[in-house]
$ cat target_14.txt   # compact mmCIF, C-alpha atoms
# COMPACT_ATOMS: atom_id res chain seq x y z
CA MET A 1 -21.18 4.52 21.98
CA ASN A 2 -17.81 6.22 21.68
CA SER A 3 -16.29 5.12 18.38
CA CYS A 4 -15.55 8.77 17.60
CA SER A 5 -12.83 8.46 20.27
CA GLN A 6 -11.90 4.76 20.14
CA GLY A 7 -13.46 1.85 18.30
CA ALA A 8 -14.47 -1.26 20.22
CA LEU A 9 -11.78 -3.91 20.70
CA SER A 10 -12.24 -6.83 18.32
CA ASP A 11 -10.94 -10.38 18.67
CA SER A 12 -8.78 -9.94 15.57
CA VAL A 13 -7.07 -6.81 16.90
CA ARG A 14 -6.39 -8.50 20.24
CA ARG A 15 -4.91 -11.50 18.40
CA SER A 16 -2.72 -9.20 16.31
CA TYR A 17 -1.04 -7.85 19.45
CA GLU A 18 -0.54 -11.40 20.69
CA GLU A 19 1.07 -12.26 17.33
CA TYR A 20 3.44 -9.30 17.64
CA LEU A 21 4.43 -10.20 21.22
CA THR A 22 4.89 -13.87 20.37
CA GLY A 23 7.20 -12.94 17.53
CA MET A 24 9.20 -10.66 19.82
CA GLU A 25 9.53 -13.47 22.35
CA GLN A 26 10.52 -16.15 19.85
CA GLU A 27 12.65 -14.23 17.37
CA GLY A 28 13.46 -10.81 18.85
CA SER A 29 13.97 -8.25 16.12
CA GLN A 30 11.69 -9.16 13.20
CA TRP A 31 12.35 -6.39 10.71
CA GLY A 32 11.27 -8.45 7.74
CA HIS A 33 7.93 -9.24 9.35
CA TRP A 34 7.48 -5.67 10.57
CA VAL A 35 8.05 -4.12 7.15
CA ALA A 36 5.76 -6.74 5.63
CA ARG A 37 3.04 -5.81 8.14
CA GLN A 38 3.35 -2.17 7.16
CA GLU A 39 2.88 -3.12 3.52
CA ARG A 40 -0.10 -5.27 4.44
CA LEU A 41 -1.68 -2.26 6.13
CA ARG A 42 -0.85 -0.07 3.12
CA GLU A 43 -2.56 -2.54 0.79
CA ALA A 44 -5.64 -2.72 3.03
CA MET A 45 -5.94 1.07 3.07
CA ALA A 46 -5.57 1.16 -0.71
CA GLN A 47 -8.38 -1.37 -1.02
CA LEU A 48 -10.53 0.67 1.36
CA PHE A 49 -9.99 3.79 -0.76
CA SER A 50 -10.15 2.06 -4.19
CA THR A 51 -6.68 3.32 -5.04
CA SER A 52 -3.11 2.09 -5.46
CA PRO A 53 -0.83 1.28 -2.49
CA SER A 54 1.68 3.68 -4.05
CA GLU A 55 -0.64 6.55 -3.06
CA ILE A 56 -0.78 5.57 0.64
CA ALA A 57 1.71 6.66 3.31
CA ILE A 58 1.59 5.00 6.73
CA THR A 59 2.23 7.57 9.44
CA ALA A 60 2.41 7.68 13.22
CA SER A 61 -0.59 10.04 13.35
CA ALA A 62 -2.66 12.43 11.27
CA SER A 63 -0.46 15.22 12.62
CA ALA A 64 2.65 13.52 11.24
CA GLY A 65 1.09 13.30 7.79
CA ILE A 66 -0.09 16.91 7.76
CA ASN A 67 3.30 18.12 8.98
CA ALA A 68 4.97 16.26 6.13
CA VAL A 69 2.62 17.90 3.64
CA ALA A 70 3.19 21.35 5.17
CA SER A 71 6.96 20.88 4.95
CA SER A 72 6.70 20.20 1.22
CA LEU A 73 5.00 23.51 0.40
CA ASP A 74 6.86 26.69 -0.59
CA PHE A 75 5.20 29.56 1.25
CA ASP A 76 7.71 32.02 -0.21
CA SER A 77 6.01 31.65 -3.58
CA VAL A 78 3.01 33.58 -4.91
CA ARG A 79 0.75 30.87 -3.52
CA ASN A 80 1.21 31.27 0.21
CA LYS A 81 -2.40 31.22 1.49
CA VAL A 82 -3.85 28.35 3.51
CA VAL A 83 -7.66 28.30 3.59
CA THR A 84 -9.09 26.24 6.42
CA THR A 85 -12.27 26.32 8.52
CA SER A 86 -13.58 26.87 12.02
CA LEU A 87 -14.60 23.19 12.22
CA GLU A 88 -11.08 21.73 12.30
CA PHE A 89 -9.42 19.56 14.93
CA PRO A 90 -6.80 21.60 16.84
CA THR A 91 -3.80 19.88 15.22
CA VAL A 92 -4.86 21.13 11.80
CA GLY A 93 -5.02 24.80 12.73
CA GLN A 94 -1.89 24.55 14.84
CA ILE A 95 0.18 23.01 12.04
CA TRP A 96 -0.91 25.58 9.46
CA HIS A 97 -0.33 28.50 11.82
CA ALA A 98 3.12 27.09 12.59
CA GLN A 99 3.92 27.69 8.92
CA GLU A 100 3.41 31.44 9.32
CA LYS A 101 7.10 31.76 10.20
CA HIS A 102 7.78 30.42 6.71
CA GLY A 103 5.45 32.93 5.04
CA ALA A 104 2.07 31.19 5.18
CA GLN A 105 -1.07 33.32 5.41
CA VAL A 106 -3.79 31.33 7.18
CA VAL A 107 -7.47 32.16 6.69
CA HIS A 108 -10.33 30.49 8.61
CA VAL A 109 -13.68 30.15 6.86
CA ARG A 110 -16.33 30.45 9.56
CA ALA A 111 -19.28 28.11 9.94
CA ASP A 112 -22.80 29.38 10.52
CA ASP A 113 -24.56 28.85 13.83
CA ASP A 114 -25.98 25.58 12.51
CA HIS A 115 -22.39 24.36 11.89
CA THR A 116 -22.70 24.38 8.09
CA ILE A 117 -20.54 26.43 5.74
CA PRO A 118 -22.00 27.87 2.53
CA LEU A 119 -19.85 27.24 -0.55
CA SER A 120 -19.88 30.99 -1.17
CA ARG A 121 -17.58 31.46 1.84
CA PHE A 122 -14.96 29.31 0.13
CA GLU A 123 -15.52 31.17 -3.12
CA ASP A 124 -14.70 34.40 -1.32
CA GLU A 125 -11.38 33.09 0.08
CA ILE A 126 -9.89 30.66 -2.46
CA ASP A 127 -7.97 32.65 -5.08
CA GLU A 128 -4.78 32.68 -7.15
CA THR A 129 -2.67 33.03 -3.97
CA THR A 130 -4.10 29.89 -2.32
CA ALA A 131 -1.66 26.99 -1.97
CA ILE A 132 -3.90 24.54 -0.16
CA VAL A 133 -7.43 24.26 1.22
CA SER A 134 -7.55 22.21 4.43
CA ILE A 135 -10.99 20.94 5.45
CA THR A 136 -12.45 18.42 7.85
CA HIS A 137 -14.96 15.85 6.64
CA VAL A 138 -16.80 15.43 9.97
CA CYS A 139 -16.29 17.94 12.77
CA PHE A 140 -15.10 16.34 16.01
CA ARG A 141 -17.05 18.85 18.13
CA ASN A 142 -20.55 18.62 16.65
CA GLY A 143 -20.65 15.86 14.02
CA ALA A 144 -21.34 18.25 11.11
CA MET A 145 -20.24 16.69 7.81
CA LEU A 146 -19.01 18.80 4.90
CA ASP A 147 -19.60 17.74 1.33
CA PRO A 148 -15.99 17.94 0.10
CA THR A 149 -16.71 17.52 -3.62
CA PRO A 150 -17.78 21.09 -4.54
CA ILE A 151 -14.96 22.51 -2.39
CA ILE A 152 -12.41 20.30 -4.13
CA GLU A 153 -13.77 21.25 -7.55
CA LEU A 154 -13.65 24.94 -6.65
CA ALA A 155 -10.10 24.75 -5.28
CA HIS A 156 -8.81 22.85 -8.30
CA SER A 157 -10.45 25.31 -10.69
CA ARG A 158 -8.39 28.04 -9.00
CA GLY A 159 -5.14 26.10 -8.92
CA ALA A 160 -5.13 25.13 -5.23
CA MET A 161 -4.73 21.71 -3.66
CA VAL A 162 -7.04 20.21 -1.02
CA LEU A 163 -6.29 18.25 2.14
CA LEU A 164 -9.24 16.42 3.70
CA ASP A 165 -9.12 15.38 7.36
CA ALA A 166 -11.24 12.22 7.38
CA TYR A 167 -10.43 11.04 10.90
CA GLN A 168 -14.08 11.18 12.03
CA SER A 169 -15.48 9.55 8.90
CA VAL A 170 -13.08 6.95 7.52
CA GLY A 171 -14.47 3.48 8.15
CA ALA A 172 -18.00 4.80 8.66
CA VAL A 173 -18.47 6.80 5.45
CA PRO A 174 -17.36 5.39 2.06
CA LEU A 175 -14.43 7.26 0.48
CA ASP A 176 -13.48 6.46 -3.10
CA MET A 177 -10.37 8.41 -4.05
CA SER A 178 -10.89 8.03 -7.79
CA SER A 179 -14.14 9.98 -7.60
CA LEU A 180 -13.27 12.25 -4.67
CA GLN A 181 -10.03 13.54 -6.25
CA ALA A 182 -8.75 15.21 -3.09
CA ASP A 183 -5.00 15.79 -3.27
CA PHE A 184 -4.42 14.59 0.29
CA VAL A 185 -6.59 12.69 2.76
CA THR A 186 -5.43 12.04 6.29
CA GLY A 187 -6.69 10.26 9.37
CA GLY A 188 -5.98 7.44 11.78
CA MET A 189 -6.96 3.88 12.59
CA LEU A 190 -8.22 4.00 16.17
CA LYS A 191 -11.81 5.17 15.61
CA TYR A 192 -14.07 3.69 12.94
CA LEU A 193 -11.25 1.57 11.51
CA LEU A 194 -11.30 -0.41 14.77
CA ALA A 195 -7.56 -0.45 15.45
CA SER A 196 -5.63 1.37 18.18
CA PRO A 197 -3.65 4.57 18.75
CA GLY A 198 -0.23 5.00 17.21
CA VAL A 199 -0.83 4.66 13.48
CA GLY A 200 -2.37 6.90 10.83
CA PHE A 201 -2.40 7.34 7.08
CA LEU A 202 -1.90 9.94 4.41
CA TYR A 203 -3.33 9.48 0.93
CA ALA A 204 -1.37 11.51 -1.63
CA ARG A 205 -2.85 11.68 -5.12
CA ASP A 206 0.04 10.97 -7.45
CA PHE A 207 -1.26 13.09 -10.34
CA SER A 208 -1.24 16.34 -8.39
CA THR A 209 1.31 15.82 -5.59
CA LYS A 210 4.22 13.95 -7.19
CA ALA A 211 6.31 17.13 -7.47
CA LEU A 212 6.12 17.79 -3.72
CA VAL A 213 9.02 16.59 -1.59
CA PRO A 214 8.74 17.02 2.21
CA THR A 215 11.62 18.27 4.32
CA SER A 216 10.08 16.59 7.37
CA THR A 217 11.37 13.08 6.75
CA GLY A 218 13.05 9.93 8.10
CA TRP A 219 14.65 6.71 6.96
CA PHE A 220 11.34 4.96 6.18
CA ALA A 221 10.69 7.71 3.62
CA ALA A 222 13.79 6.77 1.62
CA ARG A 223 13.57 5.13 -1.77
CA ASP A 224 15.45 2.15 -0.31
CA ILE A 225 15.03 2.01 3.47
CA PHE A 226 17.81 -0.56 3.78
CA ALA A 227 20.39 1.51 1.88
CA MET A 228 21.14 3.26 5.19
CA SER A 229 22.78 6.22 3.40
CA ILE A 230 23.76 9.24 5.50
CA ASP A 231 25.29 11.42 2.80
CA SER A 232 22.26 12.11 0.61
CA TYR A 233 18.48 12.58 0.66
CA ASP A 234 16.90 10.09 -1.72
CA PRO A 235 13.17 10.12 -0.98
CA ALA A 236 10.77 7.50 -2.28
CA LEU A 237 9.05 8.39 -5.53
CA ASP A 238 5.62 7.36 -4.27
CA ALA A 239 3.61 8.40 -1.21
CA ARG A 240 6.11 6.72 1.10
CA ARG A 241 8.18 9.93 0.89
CA PHE A 242 5.65 11.44 3.33
CA GLU A 243 6.58 8.86 5.98
CA ALA A 244 9.27 9.38 8.61
CA GLY A 245 11.28 7.22 11.02
CA THR A 246 10.74 3.80 12.52
CA PRO A 247 7.00 3.13 12.49
CA PRO A 248 5.01 2.23 15.62
CA VAL A 249 5.33 -1.48 14.95
CA PRO A 250 2.72 -2.89 17.41
CA SER A 251 0.15 -0.46 15.99
CA LEU A 252 0.87 -1.72 12.47
CA TYR A 253 -0.38 -5.14 13.54
CA ALA A 254 -3.53 -3.67 15.09
CA GLY A 255 -4.00 -1.34 12.13
CA ALA A 256 -3.94 -4.11 9.57
CA ALA A 257 -6.32 -6.25 11.65
CA GLY A 258 -8.77 -3.39 12.15
CA VAL A 259 -8.86 -2.23 8.53
CA GLU A 260 -9.16 -5.79 7.23
CA LEU A 261 -12.09 -6.36 9.58
CA MET A 262 -13.84 -3.23 8.27
CA LEU A 263 -13.24 -4.40 4.72
CA GLU A 264 -14.90 -7.69 5.63
CA ILE A 265 -17.87 -5.94 7.26
CA GLY A 266 -18.14 -3.33 4.50
CA VAL A 267 -18.18 0.45 4.84
CA GLU A 268 -21.20 0.82 2.53
CA ARG A 269 -23.16 -1.61 4.69
CA THR A 270 -21.99 0.20 7.81
CA ARG A 271 -23.08 3.58 6.47
CA ALA A 272 -26.58 2.27 5.70
CA HIS A 273 -26.88 0.48 9.05
CA VAL A 274 -25.70 3.47 11.08
CA GLY A 275 -28.01 5.80 9.18
CA VAL A 276 -31.04 3.92 10.50
CA LEU A 277 -29.69 4.05 14.07
CA VAL A 278 -28.95 7.78 13.82
CA ASP A 279 -32.53 8.44 12.71
CA GLN A 280 -33.83 6.40 15.65
CA LEU A 281 -31.60 8.29 18.09
CA ARG A 282 -32.50 11.72 16.74
CA ALA A 283 -36.22 10.96 16.91
CA GLY A 284 -35.89 9.80 20.51
CA ILE A 285 -33.97 12.92 21.53
CA ASP A 286 -36.65 15.10 19.92
CA ASP A 287 -39.28 13.26 21.96
CA LEU A 288 -37.28 14.04 25.12
CA GLY A 289 -37.17 17.72 24.25
CA GLY A 290 -33.40 17.63 23.73
CA THR A 291 -31.43 19.43 21.05
CA VAL A 292 -29.29 17.68 18.45
CA VAL A 293 -26.73 20.20 17.20
CA THR A 294 -25.52 17.99 14.35
CA PRO A 295 -27.12 19.34 11.14
CA LEU A 296 -29.80 16.94 9.91
CA ASP A 297 -28.73 17.01 6.27
CA HIS A 298 -25.00 17.12 7.02
CA GLN A 299 -24.24 14.25 9.38
CA GLY A 300 -21.92 11.29 9.60
CA PRO A 301 -21.92 8.61 12.32
CA MET A 302 -21.76 11.06 15.26
CA VAL A 303 -24.74 12.70 16.97
CA ALA A 304 -23.92 15.68 19.19
CA ILE A 305 -26.46 16.52 21.89
CA ALA A 306 -26.51 19.92 23.62
CA ALA A 307 -25.89 19.65 27.36
CA THR A 308 -26.15 22.05 30.30
CA ASP A 309 -23.01 20.43 31.75
CA GLU A 310 -21.27 18.17 29.25
CA ASN A 311 -18.84 16.58 31.71
CA ALA A 312 -21.54 15.85 34.29
CA PHE A 313 -23.71 14.38 31.53
CA VAL A 314 -20.97 12.04 30.30
CA ALA A 315 -20.31 10.95 33.89
CA ALA A 316 -24.02 10.34 34.49
CA LEU A 317 -24.29 8.25 31.32
CA GLU A 318 -21.20 6.28 32.32
CA GLY A 319 -22.97 5.52 35.58
CA GLU A 320 -25.68 3.92 33.44
CA LYS A 321 -22.96 1.93 31.61
CA VAL A 322 -23.36 4.04 28.47
CA ILE A 323 -19.96 5.29 27.32
CA THR A 324 -19.90 8.57 25.40
CA SER A 325 -17.62 11.60 25.21
CA CYS A 326 -18.04 15.35 24.97
CA ARG A 327 -16.73 18.44 23.22
CA ASP A 328 -17.75 22.08 23.08
CA GLY A 329 -20.83 21.81 25.30
CA ASN A 330 -22.14 18.69 23.57
CA VAL A 331 -22.36 15.00 24.45
CA ARG A 332 -21.13 12.94 21.51
CA VAL A 333 -22.85 9.64 20.74
CA SER A 334 -21.19 7.79 17.88
CA LEU A 335 -22.67 4.69 16.31
CA HIS A 336 -20.88 1.99 14.37
CA CYS A 337 -21.33 -1.38 12.72
CA TYR A 338 -21.60 -3.29 16.02
CA ASN A 339 -24.34 -1.09 17.49
CA ASN A 340 -28.03 -1.99 17.18
CA ASN A 341 -31.53 -0.73 17.98
CA ASP A 342 -31.32 -2.00 21.56
CA ASP A 343 -28.19 0.07 22.11
CA VAL A 344 -30.00 3.18 20.94
CA GLU A 345 -32.89 2.45 23.31
CA ARG A 346 -30.43 2.08 26.19
CA VAL A 347 -28.94 5.47 25.33
CA LEU A 348 -32.39 7.06 25.19
CA ALA A 349 -33.34 5.49 28.54
CA ALA A 350 -30.18 6.92 30.12
CA LEU A 351 -30.84 10.34 28.58
CA ARG A 352 -34.41 10.22 29.88
CA LYS A 353 -33.21 9.42 33.41
CA HIS A 354 -30.86 12.43 33.32
CA ARG A 355 -32.94 14.69 31.08
CA HIS A 356 -32.31 17.65 33.43
CA LEU A 357 -28.86 17.81 31.82
CA LEU A 358 -30.32 18.23 28.32
CA ARG A 359 -30.17 21.75 26.95

$ encode --input "target_14.txt" --output "structure tokens"
Amino acid sequence: MNSCSQGALSDSVRRSYEEYLTGMEQEGSQWGHWVARQERLREAMAQLFSTSPSEIAITASASAGINAVASSLDFDSVRNKVVTTSLEFPTVGQIWHAQEKHGAQVVHVRADDDHTIPLSRFEDEIDETTAIVSITHVCFRNGAMLDPTPIIELAHSRGAMVLLDAYQSVGAVPLDMSSLQADFVTGGMLKYLLASPGVGFLYARDFSTKALVPTSTGWFAARDIFAMSIDSYDPALDARRFEAGTPPVPSLYAGAAGVELMLEIGVERTRAHVGVLVDQLRAGIDDLGGTVVTPLDHQGPMVAIAATDENAFVAALEGEKVITSCRDGNVRVSLHCYNNNDDVERVLAALRKHRHLLR
């Protein structure tokens, strides 16, 4: 019950690592195969997002993608403000604050006690000096899900771009880039995309980002990666310019296998299936007298439960062979396509046995 940290290992992902190792053993350096696997992953992500492969960069992590975006912005210009929120993953805030030495002014929009953020708070902060609005889709601490559409529309109406961190939603919540119209979307493959650590993605909407050229770069970001030029900077014209050096090759194999499996299962089907399980879990926690801190009308696949001692609670649940995780005083239970009603009942039975840890 811990897909918000790491998705379950599938047969296809295990086989993909075996394929990589077999190739290493039989042929050694397989650059042609490795580059082809990266393109296979790029195409799978484009299919997942209903967009073109030219708008997908394959990165080593979400942090790598956000750093590339940050390096492409001119904070010496009139637009030097970064508007972000109190719901972000640490890497997001850290990267934007690191740009303060280059002139960035970082503003955090605060969430209410129920972990929601009224649109009016964004209206107060996004103005003609805003370069980019950086928001998370689902908060890693409490499972609260923002509706990005009105924020994107507001930012665009005031001339600002939007970066959406979809790490805790991609693979569990449908994301269609043609309708979403975010300028950037970032995340990774190890959670609801069922792959493993070491590989992420950055969607860059060509219409609004094609003029941006990152200074954080590497040879895989070149227009021709095999040109091997050292006397010029010739970045790719598509989203590949946001990539960097040699990719984490084993993770490319796992990434492609995981994303292709989710495409086969279907994210729409997963969203509907998980929604039923979340309702079942929330109802059971209410019956136990527990508190779900995830807002009822703003939730993704994660349910955060208030705990008196989050670490002790996670350990107690592990003793019942129920694997969860915790953040910010909450136990996180995350459901995915492979979970079922019996799993939820097992979680509720374990919570009932250790209900003294419920807050």

$ residues_around --input "target_14.txt" --residues "A:Phe140" --least-positions-apart "6" --cutoff "12 Å" --atoms "only C-alpha atoms" --output "ChimeraX atom specification"
/A:2-5,86-91,115,165-169,191,294,299-304,325-328,330-334

$ residues_around --input "target_14.txt" --residues "stretch 335-349 of chain A" --least-positions-apart "2" --cutoff "9 Å" --atoms "all atoms listed in the file" --output "ChimeraX atom specification"
/A:1-4,7-8,172,192,262,265,267,269-271,273-278,280-281,284-285,288,301-303,317,320,322,333,351-354

$ residues_near_point --input "target_14.txt" --point "(-12.2, 23.5, -3.7)" --cutoff "12 Å" --atoms "all atoms listed in the file" --output "VMD selection string"
chain A and resid 83 to 84 119 to 127 130 to 135 146 to 164 180 to 183

$ residues_around --input "target_14.txt" --residues "A:Ser54" --least-positions-apart "2" --cutoff "7 Å" --atoms "all atoms listed in the file" --output "list of chain:residue names"
A:Ser52, A:Ile56, A:Asp238, A:Ala239

$ closest_residue --input "target_14.txt" --among "A:Arg40, A:Arg223, A:Lys101, A:Arg355" --to "A:Asp287" --atoms "all atoms listed in the file"
A:Arg355

$ atom_distance --input "target_14.txt" --atom1 "atom CA of A:Asp176" --atom2 "atom CA of A:Ser50"
5.6 Å

$ closest_residue --input "target_14.txt" --among "A:Gly319, A:Val249, A:Gly143, A:Leu212" --to "A:Gly32" --atoms "all atoms listed in the file"
A:Val249

$ closest_residue --input "target_14.txt" --among "A:Asp279, A:Glu268, A:Glu243, A:Asp113" --to "A:Thr59" --atoms "only C-alpha atoms"
A:Glu243

$ residues_around --input "target_14.txt" --residues "A:Ser178" --least-positions-apart "5" --cutoff "10 Å" --atoms "only C-alpha atoms" --output "list in words"
Phe49, Ser50, Thr51 and Arg205 of chain A

$ build_atoms --input "target_14.txt" --residues "stretch 297-325 of chain A" --atoms "N, CA and C atoms" --output "compact mmCIF listing (two decimals), in the frame of the given file"
# COMPACT_ATOMS: atom_id res chain seq x y z
N ASP A 297 -29.10 17.38 7.64
CA ASP A 297 -28.73 17.01 6.27
C ASP A 297 -27.22 16.97 6.05
N HIS A 298 -26.46 17.12 7.13
CA HIS A 298 -25.00 17.12 7.02
C HIS A 298 -24.43 16.35 8.20
N GLN A 299 -24.68 15.03 8.22
CA GLN A 299 -24.24 14.25 9.38
C GLN A 299 -23.56 12.97 8.95
N GLY A 300 -22.59 12.57 9.76
CA GLY A 300 -21.92 11.29 9.60
C GLY A 300 -22.41 10.33 10.66
N PRO A 301 -21.50 9.60 11.32
CA PRO A 301 -21.92 8.61 12.32
C PRO A 301 -22.07 9.18 13.73
N MET A 302 -21.73 10.46 13.93
CA MET A 302 -21.76 11.06 15.26
C MET A 302 -22.99 11.95 15.44
N VAL A 303 -23.63 11.83 16.61
CA VAL A 303 -24.74 12.70 16.97
C VAL A 303 -24.31 13.49 18.20
N ALA A 304 -24.31 14.81 18.08
CA ALA A 304 -23.92 15.68 19.19
C ALA A 304 -25.17 16.27 19.83
N ILE A 305 -25.26 16.12 21.15
CA ILE A 305 -26.46 16.52 21.89
C ILE A 305 -26.08 17.66 22.83
N ALA A 306 -26.80 18.77 22.77
CA ALA A 306 -26.51 19.92 23.62
C ALA A 306 -26.76 19.58 25.08
N ALA A 307 -25.81 19.97 25.94
CA ALA A 307 -25.89 19.65 27.36
C ALA A 307 -25.72 20.91 28.20
N THR A 308 -26.37 20.94 29.37
CA THR A 308 -26.15 22.05 30.30
C THR A 308 -24.79 21.93 30.97
N ASP A 309 -24.33 20.70 31.17
CA ASP A 309 -23.01 20.43 31.75
C ASP A 309 -22.50 19.16 31.09
N GLU A 310 -21.68 19.32 30.07
CA GLU A 310 -21.27 18.17 29.25
C GLU A 310 -20.52 17.11 30.05
N ASN A 311 -19.63 17.54 30.94
CA ASN A 311 -18.84 16.58 31.71
C ASN A 311 -19.71 15.81 32.71
N ALA A 312 -20.63 16.52 33.37
CA ALA A 312 -21.54 15.85 34.29
C ALA A 312 -22.44 14.87 33.54
N PHE A 313 -22.84 15.24 32.32
CA PHE A 313 -23.71 14.38 31.53
C PHE A 313 -22.98 13.10 31.14
N VAL A 314 -21.75 13.22 30.67
CA VAL A 314 -20.97 12.04 30.30
C VAL A 314 -20.76 11.13 31.50
N ALA A 315 -20.49 11.73 32.66
CA ALA A 315 -20.31 10.95 33.89
C ALA A 315 -21.61 10.24 34.28
N ALA A 316 -22.73 10.94 34.15
CA ALA A 316 -24.02 10.34 34.49
C ALA A 316 -24.34 9.17 33.56
N LEU A 317 -24.06 9.33 32.28
CA LEU A 317 -24.29 8.25 31.32
C LEU A 317 -23.37 7.07 31.60
N GLU A 318 -22.13 7.37 31.98
CA GLU A 318 -21.20 6.28 32.32
C GLU A 318 -21.73 5.49 33.51
N GLY A 319 -22.36 6.20 34.45
CA GLY A 319 -22.97 5.52 35.58
C GLY A 319 -24.07 4.57 35.16
N GLU A 320 -24.66 4.81 34.00
CA GLU A 320 -25.68 3.92 33.44
C GLU A 320 -25.06 2.89 32.49
N LYS A 321 -23.72 2.82 32.49
CA LYS A 321 -22.96 1.93 31.61
C LYS A 321 -23.17 2.25 30.12
N VAL A 322 -23.30 3.54 29.84
CA VAL A 322 -23.36 4.04 28.47
C VAL A 322 -22.15 4.96 28.30
N ILE A 323 -21.21 4.55 27.46
CA ILE A 323 -19.96 5.29 27.32
C ILE A 323 -20.05 6.24 26.14
N THR A 324 -19.90 7.53 26.42
CA THR A 324 -19.90 8.57 25.40
C THR A 324 -18.70 9.47 25.63
N SER A 325 -18.66 10.60 24.96
CA SER A 325 -17.62 11.60 25.21
C SER A 325 -18.24 12.97 24.95
